[in-house]
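The file start-v8.cif contains mmCIF, C-alpha atoms:
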data_structure
loop_
_atom_site.label_atom_id
_atom_site.label_comp_id
_atom_site.auth_asym_id
_atom_site.auth_seq_id
_atom_site.Cartn_x
_atom_site.Cartn_y
_atom_site.Cartn_z
CA MET A 1 -199.94 84.38 28.18
CA ILE A 2 -202.55 82.88 25.85
CA GLY A 3 -200.34 84.05 22.97
CA TYR A 4 -197.34 82.21 24.41
CA LEU A 5 -199.47 79.09 24.92
CA LEU A 6 -200.51 79.10 21.26
CA PHE A 7 -196.93 79.80 20.18
CA ALA A 8 -195.70 76.82 22.24
CA VAL A 9 -198.28 74.53 20.61
CA PHE A 10 -197.36 75.54 17.06
CA PHE A 11 -193.60 75.71 17.62
CA GLY A 12 -193.65 72.36 19.43
CA LEU A 13 -195.45 70.84 16.43
CA LEU A 14 -192.95 72.49 14.09
CA LEU A 15 -190.12 70.88 16.09
CA LEU A 16 -191.82 67.49 15.66
CA GLY A 17 -192.05 68.23 11.93
CA ILE A 18 -188.34 69.05 11.82
CA HIS A 19 -187.75 65.77 13.69
CA ARG A 20 -189.59 63.81 10.98
CA LYS A 21 -187.83 65.70 8.18
CA VAL A 22 -184.34 65.09 9.57
CA ILE A 23 -185.05 61.38 10.12
CA ALA A 24 -186.31 61.13 6.53
CA ARG A 25 -183.26 62.89 5.08
CA ILE A 26 -180.88 60.64 7.06
CA GLN A 27 -182.75 57.64 5.65
CA ARG A 28 -182.46 59.18 2.14
CA ARG A 29 -186.20 59.83 1.81
CA PRO A 30 -187.62 63.25 0.86
CA GLY A 31 -189.84 63.21 3.95
CA PRO A 32 -192.84 65.41 4.69
CA PRO A 33 -192.60 69.21 4.89
CA VAL A 34 -191.47 70.50 8.29
CA TRP A 35 -194.93 71.93 9.01
CA GLN A 36 -196.52 68.48 8.48
CA GLU A 37 -197.41 68.04 12.17
CA ILE A 38 -199.24 71.39 12.18
CA LEU A 39 -201.13 70.27 9.07
CA HIS A 40 -201.87 66.98 10.83
CA MET A 41 -203.43 68.82 13.73
CA PHE A 42 -205.69 70.81 11.39
CA LYS A 43 -206.44 67.73 9.30
CA PHE A 44 -207.45 65.64 12.29
CA SER A 45 -209.58 68.44 13.71
CA PHE A 46 -211.56 68.51 10.45
CA LYS A 47 -212.15 64.74 10.30
CA SER A 48 -215.62 63.44 11.00
CA THR A 49 -215.41 62.28 14.63
CA TRP A 50 -217.37 60.10 17.01
CA ILE A 51 -216.76 57.87 20.03
CA PRO A 52 -216.21 54.14 19.36
CA ALA A 53 -218.92 51.80 20.69
CA THR A 54 -216.39 49.89 22.82
CA ALA A 55 -214.99 53.02 24.49
CA SER A 56 -215.67 54.40 27.94
CA ASP A 57 -217.18 57.75 26.83
CA THR A 58 -216.14 59.91 29.78
CA LEU A 59 -212.57 58.65 29.99
CA PHE A 60 -212.17 58.58 26.20
CA VAL A 61 -212.89 62.33 25.92
CA GLY A 62 -211.75 63.43 29.39
CA ILE A 63 -208.24 62.07 28.94
CA VAL A 64 -207.69 64.39 25.95
CA LEU A 65 -208.64 67.37 28.11
CA VAL A 66 -206.27 66.16 30.84
CA ALA A 67 -203.43 65.72 28.32
CA ILE A 68 -203.69 69.32 27.11
CA GLY A 69 -204.30 70.69 30.61
CA ILE A 70 -201.27 69.11 32.28
CA TRP A 71 -198.81 70.30 29.62
CA SER A 72 -200.33 73.80 29.66
CA ALA A 73 -199.72 73.82 33.42
CA ALA A 74 -196.15 72.53 32.87
CA LEU A 75 -195.47 75.37 30.43
CA PHE A 76 -196.61 78.00 32.95
CA ILE A 77 -194.49 76.44 35.70
CA VAL A 78 -191.39 76.50 33.47
CA LEU A 79 -192.02 80.12 32.48
CA ALA A 80 -192.47 81.09 36.13
CA GLY A 81 -189.19 79.35 37.09
CA GLY A 82 -191.09 77.01 39.41
CA SER A 83 -190.13 73.66 40.88
CA ILE A 84 -188.74 71.07 38.47
CA LEU A 85 -190.16 68.43 40.80
CA ILE A 86 -193.68 69.59 39.87
CA ILE A 87 -192.79 69.55 36.18
CA PHE A 88 -191.53 66.01 36.42
CA GLY A 89 -194.57 65.11 38.50
CA ILE A 90 -196.53 66.24 35.44
CA TYR A 91 -194.20 64.13 33.31
CA MET A 92 -195.24 61.15 35.44
CA LEU A 93 -198.90 62.13 35.06
CA HIS A 94 -198.37 61.86 31.33
CA LYS A 95 -197.79 58.12 31.89
CA ILE A 96 -201.25 57.91 33.43
CA VAL A 97 -202.60 59.86 30.47
CA GLU A 98 -201.05 57.41 28.00
CA HIS A 99 -202.45 54.54 30.04
CA GLY A 100 -205.87 56.21 30.11
CA PHE A 101 -205.78 56.79 26.36
CA GLY A 102 -205.08 53.10 25.77
CA LEU A 103 -207.55 51.63 28.24
CA SER A 104 -210.45 54.00 27.51
CA SER A 105 -210.75 52.92 23.87
CA GLY A 106 -211.58 49.25 24.38
CA SER A 107 -209.23 48.38 21.51
CA PRO A 108 -206.61 45.64 22.12
CA TYR A 109 -203.97 47.77 20.36
CA GLY A 110 -204.75 50.71 22.60
CA LYS A 111 -204.58 48.47 25.65
CA PHE A 112 -201.21 47.07 24.59
CA GLY A 113 -199.99 50.66 24.16
CA GLY A 114 -201.29 51.54 27.64
CA VAL A 115 -199.60 48.51 29.20
CA ARG A 116 -196.32 49.30 27.41
CA SER A 117 -196.58 52.82 28.75
CA VAL A 118 -196.54 51.39 32.27
CA ILE A 119 -193.60 49.11 31.41
CA SER A 120 -191.66 52.06 30.01
CA ALA A 121 -191.97 53.82 33.37
CA ALA A 122 -188.41 52.45 33.76
CA SER A 123 -187.33 55.44 31.66
CA GLU A 124 -188.34 57.76 34.49
CA ILE A 125 -185.90 56.31 37.00
CA PRO A 126 -182.82 57.94 35.38
CA LEU A 127 -184.84 61.15 35.52
CA PHE A 128 -185.14 61.02 39.30
CA VAL A 129 -181.43 60.27 39.72
CA SER A 130 -180.71 63.16 37.37
CA ILE A 131 -182.90 65.47 39.46
CA ALA A 132 -181.25 64.25 42.66
CA VAL A 133 -177.79 65.11 41.26
CA ILE A 134 -178.99 68.59 40.24
CA ALA A 135 -180.45 69.16 43.70
CA PHE A 136 -177.21 67.92 45.28
CA PHE A 137 -175.15 70.55 43.43
CA THR A 138 -177.50 73.52 43.36
CA GLY A 139 -179.18 72.89 46.74
CA SER A 140 -182.55 73.63 45.17
CA LEU A 141 -185.23 72.21 42.93
CA GLU A 142 -186.58 75.63 41.94
CA LEU A 143 -185.81 76.32 38.28
CA SER A 144 -185.18 80.01 39.02
CA GLU A 145 -182.55 79.11 41.66
CA ILE A 146 -180.93 76.51 39.38
CA ILE A 147 -180.61 79.22 36.71
CA THR A 148 -179.08 81.61 39.26
CA TYR A 149 -176.59 78.88 40.27
CA GLN A 150 -175.54 78.51 36.63
CA GLU A 151 -175.02 82.27 36.25
CA ILE A 152 -172.40 82.02 39.00
CA HIS A 153 -170.83 78.59 38.41
CA GLY A 154 -171.41 78.01 34.68
CA PRO A 155 -173.75 75.59 32.89
CA LEU A 156 -174.62 72.37 34.69
CA LEU A 157 -174.04 70.62 31.35
CA PHE A 158 -170.28 70.87 32.06
CA ILE A 159 -170.53 70.31 35.81
CA VAL A 160 -172.71 67.15 35.72
CA PRO A 161 -172.56 65.92 32.08
CA LEU A 162 -173.81 62.40 32.89
CA SER A 163 -176.88 63.86 34.53
CA ALA A 164 -177.55 65.87 31.35
CA PHE A 165 -177.06 62.69 29.31
CA ALA A 166 -179.61 60.83 31.48
CA MET A 167 -182.18 63.56 30.99
CA TYR A 168 -181.39 63.62 27.27
CA LEU A 169 -182.29 59.91 27.18
CA VAL A 170 -185.52 60.61 29.02
CA ILE A 171 -186.46 63.17 26.34
CA LEU A 172 -185.35 60.71 23.65
CA SER A 173 -187.76 58.13 25.09
CA LYS A 174 -190.59 60.61 24.49
CA MET A 175 -189.70 61.38 20.85
CA PRO A 176 -191.57 59.57 18.07
CA SER A 177 -189.64 56.84 16.19
CA GLY A 178 -186.97 56.65 18.87
CA PRO A 179 -185.23 53.53 20.18
CA PHE A 180 -187.36 53.61 23.34
CA SER A 181 -190.69 54.52 21.67
CA ILE A 182 -192.23 51.14 22.46
CA VAL A 183 -195.64 52.62 23.26
CA GLU A 184 -196.16 53.60 19.61
CA SER A 185 -194.35 50.82 17.75
CA LYS A 186 -195.86 49.58 14.52
CA GLU A 187 -196.74 46.05 15.67
CA ILE A 188 -199.43 47.61 17.88
CA VAL A 189 -200.61 50.01 15.10
CA SER A 190 -200.39 53.43 16.82
CA GLY A 191 -200.28 52.09 20.36
CA TYR A 192 -202.29 53.96 22.98
CA LYS A 193 -203.63 56.49 20.47
CA THR A 194 -204.89 53.95 17.91
CA GLU A 195 -208.60 54.61 18.52
CA HIS A 196 -208.33 58.33 19.21
CA PHE A 197 -209.00 59.73 15.76
CA GLY A 198 -210.33 63.01 14.37
CA VAL A 199 -210.81 65.82 16.88
CA TRP A 200 -209.54 63.64 19.75
CA ARG A 201 -206.26 63.05 17.89
CA ALA A 202 -206.04 66.78 17.09
CA GLY A 203 -206.24 67.40 20.86
CA LEU A 204 -203.50 64.85 21.40
CA GLU A 205 -201.38 66.62 18.76
CA VAL A 206 -201.83 69.91 20.66
CA SER A 207 -200.69 68.13 23.82
CA ASN A 208 -197.68 66.63 21.98
CA GLY A 209 -196.66 70.06 20.70
CA LEU A 210 -196.79 71.50 24.22
CA LYS A 211 -194.96 68.50 25.68
CA THR A 212 -192.12 68.76 23.15
CA TYR A 213 -191.76 72.50 23.75
CA VAL A 214 -191.78 72.14 27.55
CA LEU A 215 -189.30 69.23 27.70
CA LEU A 216 -186.77 70.90 25.37
CA PHE A 217 -187.16 74.25 27.15
CA MET A 218 -186.64 72.48 30.48
CA PHE A 219 -183.50 70.70 29.30
CA LEU A 220 -181.91 73.94 28.08
CA ALA A 221 -182.93 75.90 31.18
CA VAL A 222 -181.73 73.23 33.63
CA PHE A 223 -178.41 72.43 31.95
CA ILE A 224 -177.42 75.66 30.18
CA GLY A 225 -179.37 78.41 31.94
CA TRP A 226 -181.80 81.13 30.98
CA LEU A 227 -181.34 81.99 27.29
CA PRO A 228 -182.55 84.96 25.22
CA PHE A 229 -185.65 84.03 23.23
CA TRP A 230 -183.98 83.58 19.81
CA VAL A 231 -181.07 81.63 21.30
CA LEU A 232 -183.60 79.40 23.05
CA ILE A 233 -185.41 78.77 19.74
CA ILE A 234 -182.14 77.92 17.97
CA GLY A 235 -181.07 75.73 20.92
CA MET A 236 -184.35 73.81 20.73
CA ILE A 237 -183.93 73.23 17.00
CA LEU A 238 -180.36 71.99 17.48
CA LEU A 239 -181.48 69.73 20.31
CA VAL A 240 -184.29 68.25 18.26
CA VAL A 241 -181.94 67.67 15.30
CA SER A 242 -179.55 65.76 17.57
CA LEU A 243 -182.49 63.69 18.89
CA SER A 244 -183.53 63.01 15.29
CA PHE A 245 -180.06 61.64 14.52
CA ALA A 246 -180.35 59.30 17.52
CA CYS A 247 -183.83 58.20 16.41
CA ALA A 248 -182.80 57.69 12.78
CA LEU A 249 -179.64 55.74 13.54
CA CYS A 250 -180.88 53.51 16.38
CA PRO A 251 -183.41 50.75 15.74
CA MET A 252 -186.52 50.62 17.89
CA LEU A 253 -185.81 48.22 20.73
CA SER A 254 -188.09 45.44 21.88
CA PRO A 255 -189.94 46.29 25.13
CA PHE A 256 -187.67 43.96 27.12
CA ASP A 257 -184.44 45.45 25.68
CA SER A 258 -185.75 48.98 26.11
CA VAL A 259 -186.45 48.46 29.81
CA THR A 260 -183.16 46.59 30.33
CA ILE A 261 -181.09 49.42 28.82
CA GLN A 262 -182.96 52.04 30.84
CA ILE A 263 -182.35 50.08 34.05
CA ILE A 264 -178.62 49.79 33.17
CA ILE A 265 -178.52 53.57 32.62
CA THR A 266 -180.20 54.04 36.00
CA GLY A 267 -177.52 51.84 37.61
CA ILE A 268 -174.77 53.94 35.99
CA MET A 269 -176.48 57.12 37.15
CA LEU A 270 -176.78 55.82 40.72
CA GLY A 271 -173.04 54.98 40.67
CA TYR A 272 -172.31 58.48 39.29
CA ALA A 273 -174.40 60.08 42.03
CA ALA A 274 -172.57 57.99 44.67
CA VAL A 275 -169.15 59.03 43.30
CA LEU A 276 -170.18 62.70 43.35
CA TRP A 277 -171.42 62.26 46.92
CA VAL A 278 -168.11 60.69 48.03
CA ILE A 279 -165.97 63.34 46.24
CA ALA A 280 -167.98 66.15 47.80
CA MET B 1 -223.21 64.75 19.02
CA VAL B 2 -223.69 68.32 20.28
CA LYS B 3 -225.11 70.81 17.76
CA LYS B 4 -222.73 73.14 15.92
CA LYS B 5 -224.59 76.20 17.20
CA HIS B 6 -224.05 75.23 20.84
CA LEU B 7 -220.40 74.44 20.22
CA ALA B 8 -219.90 77.80 18.50
CA MET B 9 -221.36 79.53 21.55
CA VAL B 10 -218.98 77.68 23.89
CA VAL B 11 -215.98 78.47 21.66
CA LEU B 12 -216.86 82.17 21.43
CA ALA B 13 -217.58 82.43 25.15
CA LEU B 14 -214.27 80.77 26.07
CA ALA B 15 -212.31 82.89 23.55
CA ALA B 16 -213.90 86.05 24.95
CA MET B 17 -213.15 84.98 28.53
CA MET B 18 -209.53 84.15 27.70
CA VAL B 19 -208.99 87.55 26.04
CA PHE B 20 -210.89 89.35 28.80
CA GLY B 21 -208.87 87.46 31.42
CA PHE B 22 -205.68 88.55 29.69
CA SER B 23 -206.72 92.20 29.81
CA LEU B 24 -207.64 91.86 33.50
CA GLU B 25 -204.29 90.24 34.27
CA TYR B 26 -202.42 92.83 32.18
CA GLY B 27 -204.18 95.59 34.08
CA GLY B 28 -203.26 94.01 37.41
CA TYR B 29 -206.87 93.29 38.42
CA ILE B 30 -206.29 89.55 38.80
CA PRO B 31 -203.06 87.73 39.75
CA LEU B 32 -201.09 85.90 37.03
CA TRP B 33 -201.50 82.51 38.72
CA PHE B 34 -205.27 82.91 38.68
CA TYR B 35 -205.30 83.64 34.94
CA GLU B 36 -202.95 80.73 34.29
CA ALA B 37 -205.16 78.35 36.31
CA PHE B 38 -208.12 79.55 34.26
CA LEU B 39 -206.21 78.86 31.03
CA VAL B 40 -205.23 75.37 32.20
CA GLY B 41 -208.93 74.59 32.65
CA SER B 42 -210.38 76.43 29.67
CA PHE B 43 -207.79 75.96 26.91
CA PRO B 44 -208.33 72.17 26.54
CA VAL B 45 -212.12 72.67 26.33
CA PHE B 46 -211.57 75.47 23.80
CA VAL B 47 -209.39 73.19 21.61
CA LEU B 48 -211.83 70.28 21.61
CA CYS B 49 -214.94 72.43 21.14
CA THR B 50 -213.28 74.29 18.24
CA GLY B 51 -212.51 70.94 16.59
CA LEU B 52 -215.99 69.54 17.21
CA TRP B 53 -217.54 72.71 15.79
CA TRP B 54 -215.26 72.74 12.74
CA MET B 55 -215.19 69.04 11.89
CA ALA B 56 -216.98 67.59 8.89
CA ARG B 57 -220.33 66.02 9.70
CA GLU B 58 -221.13 62.46 8.65
CA HIS B 59 -221.11 61.94 4.85
CA ASP B 60 -219.26 65.25 4.31
CA GLU B 61 -215.86 65.19 2.62
CA ASP B 62 -213.22 65.30 5.34
CA THR B 63 -209.74 65.01 3.82
CA PRO B 64 -208.18 68.47 3.51
CA PHE B 65 -204.65 69.39 4.68
CA ILE B 66 -203.00 66.18 3.50
CA GLY B 67 -199.83 68.17 3.00
CA TYR B 68 -197.92 65.86 0.69
#

Written form, structure tokens:
Amino acid sequence: MIGYLLFAVFFGLLLLGIHRKVIARIQRRPGPPVWQEILHMFKFSFKSTWIPATASDTLFVGIVLVAIGIWSAALFIVLAGGSILIIFGIYMLHKIVEHGFGLSSGSPYGKFGGVRSVISAASEIPLFVSIAVIAFFTGSLELSEIITYQEIHGPLLFIVPLSAFAMYLVILSKMPSGPFSIVESKEIVSGYKTEHFGVWRAGLEVSNGLKTYVLLFMFLAVFIGWLPFWVLIIGMILLVVSLSFACALCPMLSPFDSVTIQIIITGIMLGYAAVLWVIA
Amino acid sequence: MVKKKHLAMVVLALAAMMVFGFSLEYGGYIPLWFYEAFLVGSFPVFVLCTGLWWMAREHDEDTPFIGY
């Protein structure tokens, strides 16, 4: 289990490296090597580190522990075929983590990032509609039962494609350099993680690797079903490449536009859920 | 900042406990959920303590792994 945890960290970081490389190639730049995010983690962990004078010491360090802990828990829940409601509860906790990162530092840039994290909670609403549609069809929120349903009826990707699209957008909102990545946009330096440098940032990188792995794994398990290990790995790479295309070709939206589009998507999803309800 | 020696002791103790926990779980002496709960608590501390033990101290050179 500890081996799988370490694998998820490194492979998640590799996926983020592939993400950066694909974006760079689309923009006709050479880009960093695909293992750049792994190197980043090691680099940050070696940097001389302290706690800024303006920071709240306990929260500043504690929030890094929480970030790694919640995504480790999410990984174990996915592997056990547990409830997707718990996993997306953890996804919501990540909002609090981002907020905590920003507010604990005492930096105005971090605070702006934390506040934007709260604003971007609009991206979670399509997620809940998506989950409701899945529960409506499969009659369960247990990942293991959703997978069993797909073995009998085929992938949910073809049964409820709009629901898959909504969850795809939710994952897109969590990818770096995406159209909805307002919490890390350049006008607020690095957003909520601006003041978390050195070892603290290395911890955040570990958490990001786990988060990427868990979210992509979840998407494939929920909408395609349980896949053999190597197929899962290839599926994750293909998924991240498609997300990279979306990130490279769409400009980063302003916070207002980002929230507006996510609310429109939520409206469409609610209409879709209503139509499914009426048809059934 | 905590001394390197103390951090090294925490890192080694946690690594030993994680490996020992794995062998206990593998042998069926403890349930999987218990080992996973232990990992959720100990892995983040292990990551941060490893970094704090390994990091360059003040005035040391600290720019390896640039990658480019």

Hey, which of A:Ser45, A:Ser144, A:Ser242, A:Thr58 ends up closest to Ala80 (chain A)? Count all atoms listed in the file. A:Ser144

At a cut-off of 10 Å from (-189.8, 57.0, 37.0) in the coordinates of the file, what residues are picked up using all atoms listed in the file, written as number ranges by chain? A: 88-89, 91-92, 95, 118, 120-129, 170

Using the chain letters and residue numbers of this document, give as a PyMOL selection string the residues selected by the PyMOL selection byres ((chain A) within 10 of (chain B)). chain A and resi 1-3+5-6+31-33+35-51+61-62+64-77+80+198-204+206-207

Explicit residue set for the PyMOL selection byres ((chain A and resi 270) around 10), as a list in words: Ile125, Pro126, Phe128, Val129, Ser130, Ala132, Val133, Ile264, Ile265, Thr266, Gly267, Ile268, Met269, Gly271, Tyr272, Ala273, Ala274, Val275 and Leu276 of chain A

Do you have the CA of Leu157 (chain A)-CA of Val241 (chain A) distance handy?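 According to the coordinates, CA of Leu157 (chain A) and CA of Val241 (chain A) are separated by 18.1 Å.
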
Please write as a VMD selection string the full residue list that the PyMOL selection byres ((chain A and resi 59) around 9) yields on this file. chain A and resid 55 to 58 60 to 64 100 to 101 103 to 105

Would you save the residues of that selection, restricted to C-alpha atoms, as a tab-separated table (two decimals), keeping the file's coordinate frame?
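Full text of result00.tsv as output:
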chain	number	residue	atom	x	y	z
A	55	ALA	CA	-214.99	53.02	24.49
A	56	SER	CA	-215.67	54.40	27.94
A	57	ASP	CA	-217.18	57.75	26.83
A	58	THR	CA	-216.14	59.91	29.78
A	60	PHE	CA	-212.17	58.58	26.20
A	61	VAL	CA	-212.89	62.33	25.92
A	62	GLY	CA	-211.75	63.43	29.39
A	63	ILE	CA	-208.24	62.07	28.94
A	64	VAL	CA	-207.69	64.39	25.95
A	100	GLY	CA	-205.87	56.21	30.11
A	101	PHE	CA	-205.78	56.79	26.36
A	103	LEU	CA	-207.55	51.63	28.24
A	104	SER	CA	-210.45	54.00	27.51
A	105	SER	CA	-210.75	52.92	23.87

As an exercise, work out the distance from CA of Ala13 (chain B) to CA of Gly28 (chain B) in Å and give it to one decimal place.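 One can read the CA of Ala13 (chain B) to CA of Gly28 (chain B) distance as 22.1 Å.
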
If you count only C-alpha atoms, which residues fall within 6 Å of region 19-26 of chain A, apart from same-chain ones fewer than 3 positions away, as a list in words? Leu16, Arg29, Gly31, Ser244 and Ala248 of chain A

So, with only C-alpha atoms as the atoms that count, which of A:Ser173, A:Thr148, A:Ile131, A:Phe229 lies closest to Ile87 (chain A)?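 Checking each of A:Ser173, A:Thr148, A:Ile131, A:Phe229 against Ile87 (chain A), counting only C-alpha atoms, the winner is A:Ile131.
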
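Between CA of Val278 (chain A) and CA of Leu220 (chain A) there is a distance of 27.6 Å.
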
Using only C-alpha atoms, what residues lie at most 12 Å away from (-173.7, 80.0, 36.1) (file coordinates), given as number ranges by chain? A: 138, 144-159, 221-227

Could you rebuild region 210-227 of chain A with N, CA, C and O atoms and give it back as a PDB file, keeping the file's coordinate frame?
ATOM      1  N   LEU A 210    -197.127  70.867  22.926  1.00  0.00           N
ATOM      2  CA  LEU A 210    -196.790  71.500  24.220  1.00  0.00           C
ATOM      3  C   LEU A 210    -195.732  70.701  24.958  1.00  0.00           C
ATOM      4  O   LEU A 210    -194.774  71.259  25.504  1.00  0.00           O
ATOM      5  N   LYS A 211    -195.898  69.380  24.957  1.00  0.00           N
ATOM      6  CA  LYS A 211    -194.960  68.500  25.680  1.00  0.00           C
ATOM      7  C   LYS A 211    -193.542  68.646  25.113  1.00  0.00           C
ATOM      8  O   LYS A 211    -192.575  68.789  25.879  1.00  0.00           O
ATOM      9  N   THR A 212    -193.436  68.633  23.786  1.00  0.00           N
ATOM     10  CA  THR A 212    -192.120  68.760  23.150  1.00  0.00           C
ATOM     11  C   THR A 212    -191.482  70.098  23.517  1.00  0.00           C
ATOM     12  O   THR A 212    -190.303  70.161  23.883  1.00  0.00           O
ATOM     13  N   TYR A 213    -192.266  71.162  23.444  1.00  0.00           N
ATOM     14  CA  TYR A 213    -191.760  72.500  23.750  1.00  0.00           C
ATOM     15  C   TYR A 213    -191.270  72.559  25.211  1.00  0.00           C
ATOM     16  O   TYR A 213    -190.161  73.024  25.485  1.00  0.00           O
ATOM     17  N   VAL A 214    -192.107  72.051  26.116  1.00  0.00           N
ATOM     18  CA  VAL A 214    -191.780  72.140  27.550  1.00  0.00           C
ATOM     19  C   VAL A 214    -190.527  71.321  27.882  1.00  0.00           C
ATOM     20  O   VAL A 214    -189.616  71.805  28.572  1.00  0.00           O
ATOM     21  N   LEU A 215    -190.442  70.094  27.352  1.00  0.00           N
ATOM     22  CA  LEU A 215    -189.300  69.230  27.700  1.00  0.00           C
ATOM     23  C   LEU A 215    -187.980  69.806  27.162  1.00  0.00           C
ATOM     24  O   LEU A 215    -186.958  69.798  27.859  1.00  0.00           O
ATOM     25  N   LEU A 216    -187.998  70.332  25.929  1.00  0.00           N
ATOM     26  CA  LEU A 216    -186.770  70.900  25.370  1.00  0.00           C
ATOM     27  C   LEU A 216    -186.377  72.189  26.098  1.00  0.00           C
ATOM     28  O   LEU A 216    -185.206  72.435  26.385  1.00  0.00           O
ATOM     29  N   PHE A 217    -187.377  73.007  26.387  1.00  0.00           N
ATOM     30  CA  PHE A 217    -187.160  74.250  27.150  1.00  0.00           C
ATOM     31  C   PHE A 217    -186.533  73.913  28.505  1.00  0.00           C
ATOM     32  O   PHE A 217    -185.534  74.508  28.933  1.00  0.00           O
ATOM     33  N   MET A 218    -187.125  72.910  29.168  1.00  0.00           N
ATOM     34  CA  MET A 218    -186.640  72.480  30.480  1.00  0.00           C
ATOM     35  C   MET A 218    -185.171  72.045  30.416  1.00  0.00           C
ATOM     36  O   MET A 218    -184.351  72.440  31.250  1.00  0.00           O
ATOM     37  N   PHE A 219    -184.863  71.228  29.418  1.00  0.00           N
ATOM     38  CA  PHE A 219    -183.500  70.700  29.300  1.00  0.00           C
ATOM     39  C   PHE A 219    -182.509  71.856  29.179  1.00  0.00           C
ATOM     40  O   PHE A 219    -181.478  71.893  29.861  1.00  0.00           O
ATOM     41  N   LEU A 220    -182.828  72.813  28.301  1.00  0.00           N
ATOM     42  CA  LEU A 220    -181.910  73.940  28.080  1.00  0.00           C
ATOM     43  C   LEU A 220    -181.806  74.818  29.321  1.00  0.00           C
ATOM     44  O   LEU A 220    -180.720  75.274  29.681  1.00  0.00           O
ATOM     45  N   ALA A 221    -182.952  75.045  29.987  1.00  0.00           N
ATOM     46  CA  ALA A 221    -182.930  75.900  31.180  1.00  0.00           C
ATOM     47  C   ALA A 221    -182.170  75.240  32.327  1.00  0.00           C
ATOM     48  O   ALA A 221    -181.408  75.904  33.037  1.00  0.00           O
ATOM     49  N   VAL A 222    -182.350  73.934  32.490  1.00  0.00           N
ATOM     50  CA  VAL A 222    -181.730  73.230  33.630  1.00  0.00           C
ATOM     51  C   VAL A 222    -180.226  73.038  33.407  1.00  0.00           C
ATOM     52  O   VAL A 222    -179.442  73.144  34.348  1.00  0.00           O
ATOM     53  N   PHE A 223    -179.817  72.782  32.167  1.00  0.00           N
ATOM     54  CA  PHE A 223    -178.410  72.430  31.950  1.00  0.00           C
ATOM     55  C   PHE A 223    -177.573  73.529  31.297  1.00  0.00           C
ATOM     56  O   PHE A 223    -176.345  73.434  31.265  1.00  0.00           O
ATOM     57  N   ILE A 224    -178.210  74.561  30.758  1.00  0.00           N
ATOM     58  CA  ILE A 224    -177.420  75.660  30.180  1.00  0.00           C
ATOM     59  C   ILE A 224    -177.737  76.989  30.880  1.00  0.00           C
ATOM     60  O   ILE A 224    -176.865  77.809  31.089  1.00  0.00           O
ATOM     61  N   GLY A 225    -178.991  77.173  31.254  1.00  0.00           N
ATOM     62  CA  GLY A 225    -179.370  78.410  31.940  1.00  0.00           C
ATOM     63  C   GLY A 225    -180.419  79.158  31.142  1.00  0.00           C
ATOM     64  O   GLY A 225    -180.901  78.677  30.117  1.00  0.00           O
ATOM     65  N   TRP A 226    -180.766  80.331  31.650  1.00  0.00           N
ATOM     66  CA  TRP A 226    -181.800  81.130  30.980  1.00  0.00           C
ATOM     67  C   TRP A 226    -181.223  81.742  29.717  1.00  0.00           C
ATOM     68  O   TRP A 226    -180.194  82.410  29.774  1.00  0.00           O
ATOM     69  N   LEU A 227    -181.868  81.521  28.567  1.00  0.00           N
ATOM     70  CA  LEU A 227    -181.340  81.990  27.290  1.00  0.00           C
ATOM     71  C   LEU A 227    -182.264  83.053  26.708  1.00  0.00           C
ATOM     72  O   LEU A 227    -183.483  82.999  26.916  1.00  0.00           O
TER      73      LEU A 227
END
